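Data file: data23.cif. Format and content: mmCIF, C-alpha atoms.
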data_data
loop_
_atom_site.group_PDB
_atom_site.id
_atom_site.type_symbol
_atom_site.label_atom_id
_atom_site.label_comp_id
_atom_site.auth_asym_id
_atom_site.auth_seq_id
_atom_site.Cartn_x
_atom_site.Cartn_y
_atom_site.Cartn_z
ATOM 1 C CA MET A 1 -8.259 -14.055 -29.180
ATOM 2 C CA GLY A 2 -4.472 -13.788 -29.199
ATOM 3 C CA THR A 3 -4.626 -10.580 -31.237
ATOM 4 C CA ASP A 4 -7.183 -9.084 -28.827
ATOM 5 C CA ARG A 5 -4.992 -9.925 -25.851
ATOM 6 C CA ALA A 6 -1.936 -8.403 -27.521
ATOM 7 C CA THR A 7 -3.857 -5.232 -28.363
ATOM 8 C CA LYS A 8 -5.098 -4.902 -24.809
ATOM 9 C CA GLU A 9 -1.572 -5.360 -23.446
ATOM 10 C CA LYS A 10 -0.266 -2.684 -25.810
ATOM 11 C CA LEU A 11 -2.949 -0.282 -24.596
ATOM 12 C CA LEU A 12 -2.137 -1.006 -20.955
ATOM 13 C CA ALA A 13 1.590 -0.515 -21.536
ATOM 14 C CA SER A 14 0.987 2.713 -23.423
ATOM 15 C CA ALA A 15 -1.432 3.945 -20.766
ATOM 16 C CA LYS A 16 0.995 3.152 -17.954
ATOM 17 C CA SER A 17 3.681 5.193 -19.700
ATOM 18 C CA GLU A 18 1.327 8.119 -20.361
ATOM 19 C CA PHE A 19 -0.044 8.134 -16.806
ATOM 20 C CA MET A 20 3.466 7.963 -15.348
ATOM 21 C CA GLU A 21 4.598 10.904 -17.459
ATOM 22 C CA LYS A 22 1.586 13.210 -17.149
ATOM 23 C CA GLY A 23 -0.600 11.914 -14.327
ATOM 24 C CA TYR A 24 -4.186 10.795 -14.742
ATOM 25 C CA ALA A 25 -5.740 14.231 -15.183
ATOM 26 C CA LYS A 26 -3.469 15.353 -18.045
ATOM 27 C CA ALA A 27 -3.106 11.982 -19.767
ATOM 28 C CA SER A 28 -4.436 11.836 -23.323
ATOM 29 C CA LEU A 29 -6.461 8.896 -24.575
ATOM 30 C CA ARG A 30 -5.564 9.878 -28.129
ATOM 31 C CA LYS A 31 -1.836 9.710 -27.288
ATOM 32 C CA ILE A 32 -2.317 6.375 -25.513
ATOM 33 C CA CYS A 33 -4.024 4.910 -28.567
ATOM 34 C CA ALA A 34 -1.481 6.371 -30.988
ATOM 35 C CA ASP A 35 1.430 4.929 -29.005
ATOM 36 C CA ALA A 36 -0.328 1.546 -28.912
ATOM 37 C CA GLY A 37 -0.950 1.691 -32.668
ATOM 38 C CA VAL A 38 -4.742 1.437 -32.408
ATOM 39 C CA THR A 39 -7.713 3.699 -32.977
ATOM 40 C CA THR A 40 -9.624 5.383 -30.156
ATOM 41 C CA GLY A 41 -12.589 3.208 -31.052
ATOM 42 C CA ALA A 42 -10.479 0.108 -30.436
ATOM 43 C CA LEU A 43 -9.756 1.302 -26.909
ATOM 44 C CA TYR A 44 -13.481 1.361 -26.097
ATOM 45 C CA PHE A 45 -13.720 -2.274 -27.131
ATOM 46 C CA PHE A 46 -11.614 -3.128 -24.051
ATOM 47 C CA PHE A 47 -12.181 -0.236 -21.626
ATOM 48 C CA LYS A 48 -15.030 2.098 -20.700
ATOM 49 C CA GLY A 49 -12.759 5.135 -20.691
ATOM 50 C CA LYS A 50 -9.696 6.699 -19.140
ATOM 51 C CA GLU A 51 -10.542 5.891 -15.505
ATOM 52 C CA ASP A 52 -11.360 2.282 -16.375
ATOM 53 C CA LEU A 53 -7.976 2.078 -18.081
ATOM 54 C CA PHE A 54 -6.277 3.486 -14.980
ATOM 55 C CA ARG A 55 -8.259 1.101 -12.787
ATOM 56 C CA SER A 56 -7.169 -1.872 -14.881
ATOM 57 C CA ILE A 57 -3.538 -1.022 -14.092
ATOM 58 C CA VAL A 58 -3.766 -0.325 -10.356
ATOM 59 C CA GLU A 59 -6.794 -2.105 -8.891
ATOM 60 C CA ASN A 60 -5.540 -5.697 -8.713
ATOM 61 C CA PRO A 61 -2.179 -4.828 -7.097
ATOM 62 C CA LEU A 62 -4.011 -2.646 -4.556
ATOM 63 C CA GLN A 63 -6.571 -5.335 -3.717
ATOM 64 C CA GLU A 64 -3.807 -7.927 -3.346
ATOM 65 C CA LEU A 65 -2.015 -5.574 -0.935
ATOM 66 C CA LEU A 66 -5.180 -5.202 1.132
ATOM 67 C CA GLU A 67 -5.541 -8.990 1.259
ATOM 68 C CA ILE A 68 -1.960 -9.353 2.497
ATOM 69 C CA MET A 69 -2.691 -6.826 5.233
ATOM 70 C CA LYS A 70 -5.990 -8.491 6.142
ATOM 71 C CA THR A 71 -4.291 -11.865 6.507
ATOM 72 C CA HIS A 72 -1.532 -10.361 8.640
ATOM 73 C CA PHE A 73 -3.944 -8.648 11.020
ATOM 74 C CA ALA A 74 -5.999 -11.829 11.355
ATOM 75 C CA GLU A 75 -2.850 -13.824 12.223
ATOM 76 C CA ASP A 76 -1.741 -11.173 14.730
ATOM 77 C CA ALA A 77 -5.164 -11.170 16.384
ATOM 78 C CA GLN A 78 -5.071 -14.969 16.646
ATOM 79 C CA PHE A 79 -1.594 -14.855 18.205
ATOM 80 C CA LEU A 80 -2.646 -12.194 20.705
ATOM 81 C CA SER A 81 -5.770 -14.105 21.658
ATOM 82 C CA ALA A 82 -3.645 -17.120 22.503
ATOM 83 C CA SER A 83 -0.830 -15.308 24.331
ATOM 84 C CA ASN A 84 -2.636 -12.202 25.626
ATOM 85 C CA VAL A 85 0.593 -10.241 25.303
ATOM 86 C CA TYR A 86 2.102 -8.118 22.566
ATOM 87 C CA SER A 87 5.664 -9.400 22.528
ATOM 88 C CA HIS A 88 6.372 -9.494 18.791
ATOM 89 C CA THR A 89 9.825 -8.476 17.642
ATOM 90 C CA ALA A 90 11.100 -7.384 14.262
ATOM 91 C CA GLY A 91 12.080 -10.988 13.528
ATOM 92 C CA ASP A 92 8.463 -12.038 13.920
ATOM 93 C CA HIS A 93 7.545 -9.619 11.127
ATOM 94 C CA LYS A 94 10.398 -10.403 8.743
ATOM 95 C CA GLU A 95 8.251 -12.698 6.606
ATOM 96 C CA LEU A 96 5.546 -10.024 6.359
ATOM 97 C CA VAL A 97 8.123 -7.403 5.365
ATOM 98 C CA GLN A 98 9.468 -9.731 2.660
ATOM 99 C CA ILE A 99 5.971 -10.348 1.292
ATOM 100 C CA LEU A 100 5.068 -6.646 1.324
ATOM 101 C CA ILE A 101 8.293 -5.446 -0.256
ATOM 102 C CA HIS A 102 8.174 -8.129 -2.956
ATOM 103 C CA HIS A 103 4.571 -7.294 -3.801
ATOM 104 C CA LEU A 104 5.211 -3.542 -3.860
ATOM 105 C CA TYR A 105 8.290 -3.877 -6.071
ATOM 106 C CA THR A 106 6.769 -6.469 -8.386
ATOM 107 C CA ASN A 107 4.029 -3.906 -9.020
ATOM 108 C CA ARG A 108 6.149 -0.795 -8.426
ATOM 109 C CA ASN A 109 4.838 1.235 -11.366
ATOM 110 C CA ALA A 110 1.231 0.540 -10.418
ATOM 111 C CA PHE A 111 1.858 1.705 -6.843
ATOM 112 C CA LEU A 112 3.776 4.762 -8.012
ATOM 113 C CA LEU A 113 0.744 5.638 -10.121
ATOM 114 C CA LEU A 114 -1.508 5.242 -7.084
ATOM 115 C CA LEU A 115 0.759 7.342 -4.880
ATOM 116 C CA THR A 116 1.764 10.130 -7.245
ATOM 117 C CA LYS A 117 -0.482 10.186 -10.329
ATOM 118 C CA SER A 118 -4.010 9.229 -9.238
ATOM 119 C CA GLN A 119 -5.512 12.674 -8.562
ATOM 120 C CA GLY A 120 -8.926 12.853 -10.209
ATOM 121 C CA THR A 121 -9.631 9.126 -9.893
ATOM 122 C CA ALA A 122 -11.471 7.015 -7.327
ATOM 123 C CA PHE A 123 -8.034 5.999 -6.002
ATOM 124 C CA GLU A 124 -6.701 9.437 -5.056
ATOM 125 C CA ASN A 125 -7.442 8.863 -1.348
ATOM 126 C CA CYS A 126 -6.174 5.277 -1.217
ATOM 127 C CA VAL A 127 -3.443 6.058 1.335
ATOM 128 C CA ASP A 128 -5.986 7.512 3.771
ATOM 129 C CA GLU A 129 -8.264 4.524 3.206
ATOM 130 C CA ILE A 130 -5.418 2.092 3.931
ATOM 131 C CA ALA A 131 -4.490 4.065 7.042
ATOM 132 C CA ASP A 132 -8.084 3.895 8.271
ATOM 133 C CA LYS A 133 -8.151 0.110 7.858
ATOM 134 C CA MET A 134 -4.846 -0.185 9.708
ATOM 135 C CA GLU A 135 -5.963 2.045 12.573
ATOM 136 C CA ARG A 136 -9.168 0.080 13.075
ATOM 137 C CA SER A 137 -7.243 -3.205 13.076
ATOM 138 C CA TYR A 138 -4.606 -1.935 15.514
ATOM 139 C CA ARG A 139 -7.284 -0.522 17.810
ATOM 140 C CA SER A 140 -9.218 -3.788 17.791
ATOM 141 C CA MET A 141 -6.100 -5.793 18.653
ATOM 142 C CA ALA A 142 -5.137 -3.464 21.501
ATOM 143 C CA GLU A 143 -8.524 -2.783 23.044
ATOM 144 C CA LYS A 144 -10.604 -5.866 22.320
ATOM 145 C CA THR A 145 -7.892 -8.514 22.419
ATOM 146 C CA LEU A 146 -5.445 -7.116 24.970
ATOM 147 C CA GLY A 147 -7.827 -4.883 26.912
ATOM 148 C CA ILE A 148 -5.482 -1.890 26.574
ATOM 149 C CA GLN A 149 -6.898 1.606 26.163
ATOM 150 C CA ILE A 150 -4.997 2.836 23.163
ATOM 151 C CA ASN A 151 -3.462 6.292 22.742
ATOM 152 C CA SER A 152 -5.474 7.584 19.762
ATOM 153 C CA TYR A 153 -3.138 10.378 18.768
ATOM 154 C CA MET A 154 -0.095 8.134 18.813
ATOM 155 C CA LEU A 155 -1.988 5.397 16.971
ATOM 156 C CA HIS A 156 -2.826 7.809 14.152
ATOM 157 C CA TRP A 157 0.717 9.176 14.032
ATOM 158 C CA MET A 158 2.383 5.750 14.079
ATOM 159 C CA THR A 159 0.035 4.415 11.401
ATOM 160 C CA TYR A 160 0.979 7.176 8.974
ATOM 161 C CA MET A 161 4.640 6.895 9.934
ATOM 162 C CA ASN A 162 4.471 3.203 9.038
ATOM 163 C CA ILE A 163 2.813 3.890 5.693
ATOM 164 C CA ASP A 164 5.134 6.799 4.882
ATOM 165 C CA THR A 165 8.145 4.540 5.447
ATOM 166 C CA PHE A 166 6.986 2.176 2.707
ATOM 167 C CA ILE A 167 6.088 5.102 0.437
ATOM 168 C CA HIS A 168 9.536 6.660 0.871
ATOM 169 C CA LEU A 169 11.245 3.378 0.043
ATOM 170 C CA LEU A 170 9.074 2.788 -2.994
ATOM 171 C CA THR A 171 9.617 6.288 -4.396
ATOM 172 C CA HIS A 172 13.327 6.661 -3.541
ATOM 173 C CA GLU A 173 14.866 3.171 -3.585
ATOM 174 C CA PRO A 174 14.547 1.369 -6.940
ATOM 175 C CA ASP A 175 16.297 -1.813 -5.810
ATOM 176 C CA GLU A 176 14.054 -4.396 -4.121
ATOM 177 C CA GLN A 177 16.799 -6.116 -2.105
ATOM 178 C CA ARG A 178 18.134 -2.852 -0.701
ATOM 179 C CA ALA A 179 14.571 -1.794 0.148
ATOM 180 C CA LEU A 180 14.065 -5.081 1.984
ATOM 181 C CA ASN A 181 17.296 -4.644 3.948
ATOM 182 C CA HIS A 182 16.301 -1.110 4.947
ATOM 183 C CA MET A 183 12.779 -2.127 5.928
ATOM 184 C CA CYS A 184 13.855 -5.027 8.132
ATOM 185 C CA ARG A 185 15.873 -2.581 10.238
ATOM 186 C CA ILE A 186 13.175 0.077 10.188
ATOM 187 C CA MET A 187 10.525 -2.417 11.296
ATOM 188 C CA ASP A 188 12.415 -3.015 14.537
ATOM 189 C CA TYR A 189 12.261 0.719 15.223
ATOM 190 C CA LEU A 190 8.567 0.932 14.324
ATOM 191 C CA ILE A 191 7.577 -1.978 16.557
ATOM 192 C CA LYS A 192 9.449 -0.487 19.496
ATOM 193 C CA GLY A 193 7.650 2.789 18.842
ATOM 194 C CA TRP A 194 4.304 0.989 18.743
ATOM 195 C CA LEU A 195 4.973 -0.654 22.104
ATOM 196 C CA GLU A 196 6.238 2.533 23.735
ATOM 197 C CA LEU A 197 4.025 5.248 22.278
ATOM 198 C CA VAL A 198 0.775 3.570 21.324
ATOM 199 C CA LEU A 199 0.314 0.943 24.005
ATOM 200 C CA THR A 200 1.723 2.986 26.915
ATOM 201 C CA PRO A 201 -1.063 4.838 28.792
ATOM 202 C CA GLU A 202 -0.915 8.627 28.578
ATOM 203 C CA THR A 203 -0.896 8.770 32.397
ATOM 204 C CA ALA A 204 2.597 7.283 32.325
ATOM 205 C CA TYR A 205 3.891 10.594 30.953
ATOM 206 C CA ASN A 206 1.996 12.854 33.352
#

Could the structure of this file be written out as structure tokens, please?
Amino acid sequence: MGTDRATKEKLLASAKSEFMEKGYAKASLRKICADAGVTTGALYFFFKGKEDLFRSIVENPLQELLEIMKTHFAEDAQFLSASNVYSHTAGDHKELVQILIHHLYTNRNAFLLLLTKSQGTAFENCVDEIADKMERSYRSMAEKTLGIQINSYMLHWMTYMNIDTFIHLLTHEPDEQRALNHMCRIMDYLIKGWLELVLTPETAYN
């Protein structure tokens, strides 16, 4: 059992390196196996193929991220239901930012694979899928909980701006603490933008 676990870990480490270097489409199973010191047949004892190997690296971190987001939106909806006002500040979101940044940086290579190397896999549209979940949650909080008719264009734009901020940090800032410091300041800006652009009726600008 111990030997099997060690072999599987070697394959995952080798695969992560190969995917990071060449991307999913150009990655070679033969090279992955050679670097792990096993035969190609041994790989199929643990994984169904190349996409299953890629999935084994990225799926759990992605699902954990989605759970963090789901919990956050549920807590926000509960708060709004009780107060009937969107008065959150950046400080209210500091704990969320800490959780998100820590999770992203603990699994940084997996998320870099998802963001930059996943073309040709079932995960290549994961950013759009996350954005869709966020938009639906934001819309529900604004329209169903607060009774505010949301600005759809601004909602879409702010959602992607939010996501792109995390992506830029993850791809350009290797240090977790510096990323956290940056994001705490950026979150204040994003929340103010949400209040001004998304929740302000379009008629206010006419």

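Using only C-alpha atoms for every distance, the candidate list A:Lys16, A:Cys126, A:Ser137, A:Trp194 yields A:Trp194 as the residue closest to Asn151 in chain A.
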
So that each row is one residue of range 105-203 of chain A with an atom at most 8 Å from range 59-77 of chain A, can you give its shortest atom pair and the distance in Å to one decimal, using all atoms listed in the file, rows by chain and rising number, as a Markdown table?
| residue | atom | partner | partner_atom | distance |
| --- | --- | --- | --- | --- |
| A:Asn107 | CA | A:Pro61 | CA | 6.6 |
| A:Ala110 | CA | A:Pro61 | CA | 7.2 |
| A:Phe111 | CA | A:Leu62 | CA | 7.7 |
| A:Ile130 | CA | A:Leu66 | CA | 7.8 |
| A:Ser137 | CA | A:Phe73 | CA | 6.7 |
| A:Met141 | CA | A:Ala77 | CA | 5.9 |
| A:Thr145 | CA | A:Ala77 | CA | 7.1 |

Please list, as a PyMOL selection string, the residues that have an atom at most 12 Å away from (-3.9, -0.3, -30.5) in the coordinates of this file, counting only C-alpha atoms. chain A and resi 3-15+29-46

Got time to write the residues from that selection, C-alpha atoms, as a PDB file, in the coordinates of the input?
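out31.pdb, written as the output of this step:
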ATOM      1  CA  THR A   3      -4.626 -10.580 -31.237  1.00  0.00           C
ATOM      2  CA  ASP A   4      -7.183  -9.084 -28.827  1.00  0.00           C
ATOM      3  CA  ARG A   5      -4.992  -9.925 -25.851  1.00  0.00           C
ATOM      4  CA  ALA A   6      -1.936  -8.403 -27.521  1.00  0.00           C
ATOM      5  CA  THR A   7      -3.857  -5.232 -28.363  1.00  0.00           C
ATOM      6  CA  LYS A   8      -5.098  -4.902 -24.809  1.00  0.00           C
ATOM      7  CA  GLU A   9      -1.572  -5.360 -23.446  1.00  0.00           C
ATOM      8  CA  LYS A  10      -0.266  -2.684 -25.810  1.00  0.00           C
ATOM      9  CA  LEU A  11      -2.949  -0.282 -24.596  1.00  0.00           C
ATOM     10  CA  LEU A  12      -2.137  -1.006 -20.955  1.00  0.00           C
ATOM     11  CA  ALA A  13       1.590  -0.515 -21.536  1.00  0.00           C
ATOM     12  CA  SER A  14       0.987   2.713 -23.423  1.00  0.00           C
ATOM     13  CA  ALA A  15      -1.432   3.945 -20.766  1.00  0.00           C
ATOM     14  CA  LEU A  29      -6.461   8.896 -24.575  1.00  0.00           C
ATOM     15  CA  ARG A  30      -5.564   9.878 -28.129  1.00  0.00           C
ATOM     16  CA  LYS A  31      -1.836   9.710 -27.288  1.00  0.00           C
ATOM     17  CA  ILE A  32      -2.317   6.375 -25.513  1.00  0.00           C
ATOM     18  CA  CYS A  33      -4.024   4.910 -28.567  1.00  0.00           C
ATOM     19  CA  ALA A  34      -1.481   6.371 -30.988  1.00  0.00           C
ATOM     20  CA  ASP A  35       1.430   4.929 -29.005  1.00  0.00           C
ATOM     21  CA  ALA A  36      -0.328   1.546 -28.912  1.00  0.00           C
ATOM     22  CA  GLY A  37      -0.950   1.691 -32.668  1.00  0.00           C
ATOM     23  CA  VAL A  38      -4.742   1.437 -32.408  1.00  0.00           C
ATOM     24  CA  THR A  39      -7.713   3.699 -32.977  1.00  0.00           C
ATOM     25  CA  THR A  40      -9.624   5.383 -30.156  1.00  0.00           C
ATOM     26  CA  GLY A  41     -12.589   3.208 -31.052  1.00  0.00           C
ATOM     27  CA  ALA A  42     -10.479   0.108 -30.436  1.00  0.00           C
ATOM     28  CA  LEU A  43      -9.756   1.302 -26.909  1.00  0.00           C
ATOM     29  CA  TYR A  44     -13.481   1.361 -26.097  1.00  0.00           C
ATOM     30  CA  PHE A  45     -13.720  -2.274 -27.131  1.00  0.00           C
ATOM     31  CA  PHE A  46     -11.614  -3.128 -24.051  1.00  0.00           C
TER      32      PHE A  46
END

What is the CA of Lys50 in chain A to CA of Ala27 in chain A distance in Å? 8.5 Å

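Distance-wise, CA of Asp132 in chain A and CA of Tyr153 in chain A end up 13.3 Å apart.
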
Taking 5 positions as the minimum chain separation for residues in the same chain, which residues sit within 9 Å of range 165-167 of chain A when counting all atoms listed in the file? Answer as a PyMOL selection string. chain A and resi 101+104+112+115+160+172+179+183+186

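Minimum distance to Tyr105 in chain A across A:Ile148, A:Cys184, A:Met161, A:Leu170 (counting all atoms listed in the file) occurs at A:Leu170.
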
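Rounded to one decimal, CA of Glu21 in chain A and CA of Asn109 in chain A lie 11.4 Å from each other.
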
If we count all atoms listed in the file, what is near Thr121 in chain A at a cut-off of 9 Å, once residues fewer than 2 positions away on the same chain are taken out, given as a list in words? Tyr24, Ala25, Glu51, Phe54, Arg55, Ser118, Gln119, Phe123, Glu124 and Asn125 of chain A

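Among A:Thr116, A:Thr106, A:Ser140, A:Gln78, the residue with the shortest atom-to-atom distance to Lys22 in chain A, counting only C-alpha atoms, is A:Thr116.
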
Could you pull the residues within 12 Å of Met187 in chain A, counting all atoms listed in the file, minus those fewer than 3 positions along the same chain, as a compact mmCIF listing (two decimals) with C-alpha atoms, keeping the file's coordinate frame?
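File written: around_9.txt
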# COMPACT_ATOMS: atom_id res chain seq x y z
CA HIS A 88 6.37 -9.49 18.79
CA THR A 89 9.82 -8.48 17.64
CA ALA A 90 11.10 -7.38 14.26
CA GLY A 91 12.08 -10.99 13.53
CA ASP A 92 8.46 -12.04 13.92
CA HIS A 93 7.54 -9.62 11.13
CA LYS A 94 10.40 -10.40 8.74
CA GLU A 95 8.25 -12.70 6.61
CA LEU A 96 5.55 -10.02 6.36
CA VAL A 97 8.12 -7.40 5.36
CA GLN A 98 9.47 -9.73 2.66
CA MET A 158 2.38 5.75 14.08
CA MET A 161 4.64 6.90 9.93
CA ASN A 162 4.47 3.20 9.04
CA ILE A 163 2.81 3.89 5.69
CA THR A 165 8.14 4.54 5.45
CA PHE A 166 6.99 2.18 2.71
CA ALA A 179 14.57 -1.79 0.15
CA LEU A 180 14.06 -5.08 1.98
CA ASN A 181 17.30 -4.64 3.95
CA HIS A 182 16.30 -1.11 4.95
CA MET A 183 12.78 -2.13 5.93
CA CYS A 184 13.86 -5.03 8.13
CA LEU A 190 8.57 0.93 14.32
CA ILE A 191 7.58 -1.98 16.56
CA LYS A 192 9.45 -0.49 19.50
CA GLY A 193 7.65 2.79 18.84
CA TRP A 194 4.30 0.99 18.74

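Distances to Tyr138 in chain A were evaluated for A:Leu100, A:Leu195, A:Ala122, A:Leu114 using all atoms listed in the file, and the minimum falls at A:Leu195.
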
Atom completion result for range 127-140 of chain A (N, CA, C and O atoms) as a PDB file, in the frame of the given file:
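Contents of selection.pdb, freshly written:
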ATOM      1  N   VAL A 127      -4.327   6.103   0.169  1.00  0.00           N
ATOM      2  CA  VAL A 127      -3.443   6.058   1.335  1.00  0.00           C
ATOM      3  C   VAL A 127      -4.242   6.276   2.613  1.00  0.00           C
ATOM      4  O   VAL A 127      -4.069   5.559   3.608  1.00  0.00           O
ATOM      5  N   ASP A 128      -5.146   7.255   2.596  1.00  0.00           N
ATOM      6  CA  ASP A 128      -5.986   7.512   3.771  1.00  0.00           C
ATOM      7  C   ASP A 128      -6.899   6.324   4.062  1.00  0.00           C
ATOM      8  O   ASP A 128      -7.152   5.993   5.232  1.00  0.00           O
ATOM      9  N   GLU A 129      -7.390   5.678   3.014  1.00  0.00           N
ATOM     10  CA  GLU A 129      -8.264   4.524   3.206  1.00  0.00           C
ATOM     11  C   GLU A 129      -7.491   3.345   3.795  1.00  0.00           C
ATOM     12  O   GLU A 129      -8.004   2.626   4.656  1.00  0.00           O
ATOM     13  N   ILE A 130      -6.256   3.151   3.358  1.00  0.00           N
ATOM     14  CA  ILE A 130      -5.418   2.092   3.931  1.00  0.00           C
ATOM     15  C   ILE A 130      -5.107   2.403   5.388  1.00  0.00           C
ATOM     16  O   ILE A 130      -5.170   1.526   6.260  1.00  0.00           O
ATOM     17  N   ALA A 131      -4.794   3.663   5.666  1.00  0.00           N
ATOM     18  CA  ALA A 131      -4.490   4.065   7.042  1.00  0.00           C
ATOM     19  C   ALA A 131      -5.688   3.825   7.954  1.00  0.00           C
ATOM     20  O   ALA A 131      -5.531   3.368   9.097  1.00  0.00           O
ATOM     21  N   ASP A 132      -6.877   4.108   7.459  1.00  0.00           N
ATOM     22  CA  ASP A 132      -8.084   3.895   8.271  1.00  0.00           C
ATOM     23  C   ASP A 132      -8.266   2.418   8.601  1.00  0.00           C
ATOM     24  O   ASP A 132      -8.590   2.064   9.737  1.00  0.00           O
ATOM     25  N   LYS A 133      -8.041   1.553   7.614  1.00  0.00           N
ATOM     26  CA  LYS A 133      -8.151   0.110   7.858  1.00  0.00           C
ATOM     27  C   LYS A 133      -7.115  -0.334   8.885  1.00  0.00           C
ATOM     28  O   LYS A 133      -7.405  -1.147   9.779  1.00  0.00           O
ATOM     29  N   MET A 134      -5.899   0.186   8.779  1.00  0.00           N
ATOM     30  CA  MET A 134      -4.846  -0.185   9.708  1.00  0.00           C
ATOM     31  C   MET A 134      -5.174   0.275  11.123  1.00  0.00           C
ATOM     32  O   MET A 134      -5.006  -0.476  12.084  1.00  0.00           O
ATOM     33  N   GLU A 135      -5.628   1.510  11.252  1.00  0.00           N
ATOM     34  CA  GLU A 135      -5.963   2.045  12.573  1.00  0.00           C
ATOM     35  C   GLU A 135      -7.044   1.219  13.245  1.00  0.00           C
ATOM     36  O   GLU A 135      -6.955   0.906  14.442  1.00  0.00           O
ATOM     37  N   ARG A 136      -8.077   0.864  12.488  1.00  0.00           N
ATOM     38  CA  ARG A 136      -9.168   0.080  13.075  1.00  0.00           C
ATOM     39  C   ARG A 136      -8.679  -1.301  13.503  1.00  0.00           C
ATOM     40  O   ARG A 136      -9.095  -1.824  14.540  1.00  0.00           O
ATOM     41  N   SER A 137      -7.779  -1.883  12.718  1.00  0.00           N
ATOM     42  CA  SER A 137      -7.243  -3.205  13.076  1.00  0.00           C
ATOM     43  C   SER A 137      -6.358  -3.120  14.306  1.00  0.00           C
ATOM     44  O   SER A 137      -6.444  -3.948  15.214  1.00  0.00           O
ATOM     45  N   TYR A 138      -5.481  -2.118  14.346  1.00  0.00           N
ATOM     46  CA  TYR A 138      -4.606  -1.935  15.514  1.00  0.00           C
ATOM     47  C   TYR A 138      -5.432  -1.688  16.778  1.00  0.00           C
ATOM     48  O   TYR A 138      -5.149  -2.234  17.846  1.00  0.00           O
ATOM     49  N   ARG A 139      -6.455  -0.845  16.648  1.00  0.00           N
ATOM     50  CA  ARG A 139      -7.284  -0.522  17.810  1.00  0.00           C
ATOM     51  C   ARG A 139      -8.006  -1.768  18.319  1.00  0.00           C
ATOM     52  O   ARG A 139      -8.090  -2.009  19.525  1.00  0.00           O
ATOM     53  N   SER A 140      -8.511  -2.570  17.405  1.00  0.00           N
ATOM     54  CA  SER A 140      -9.218  -3.788  17.791  1.00  0.00           C
ATOM     55  C   SER A 140      -8.283  -4.740  18.525  1.00  0.00           C
ATOM     56  O   SER A 140      -8.650  -5.328  19.548  1.00  0.00           O
TER      57      SER A 140
END
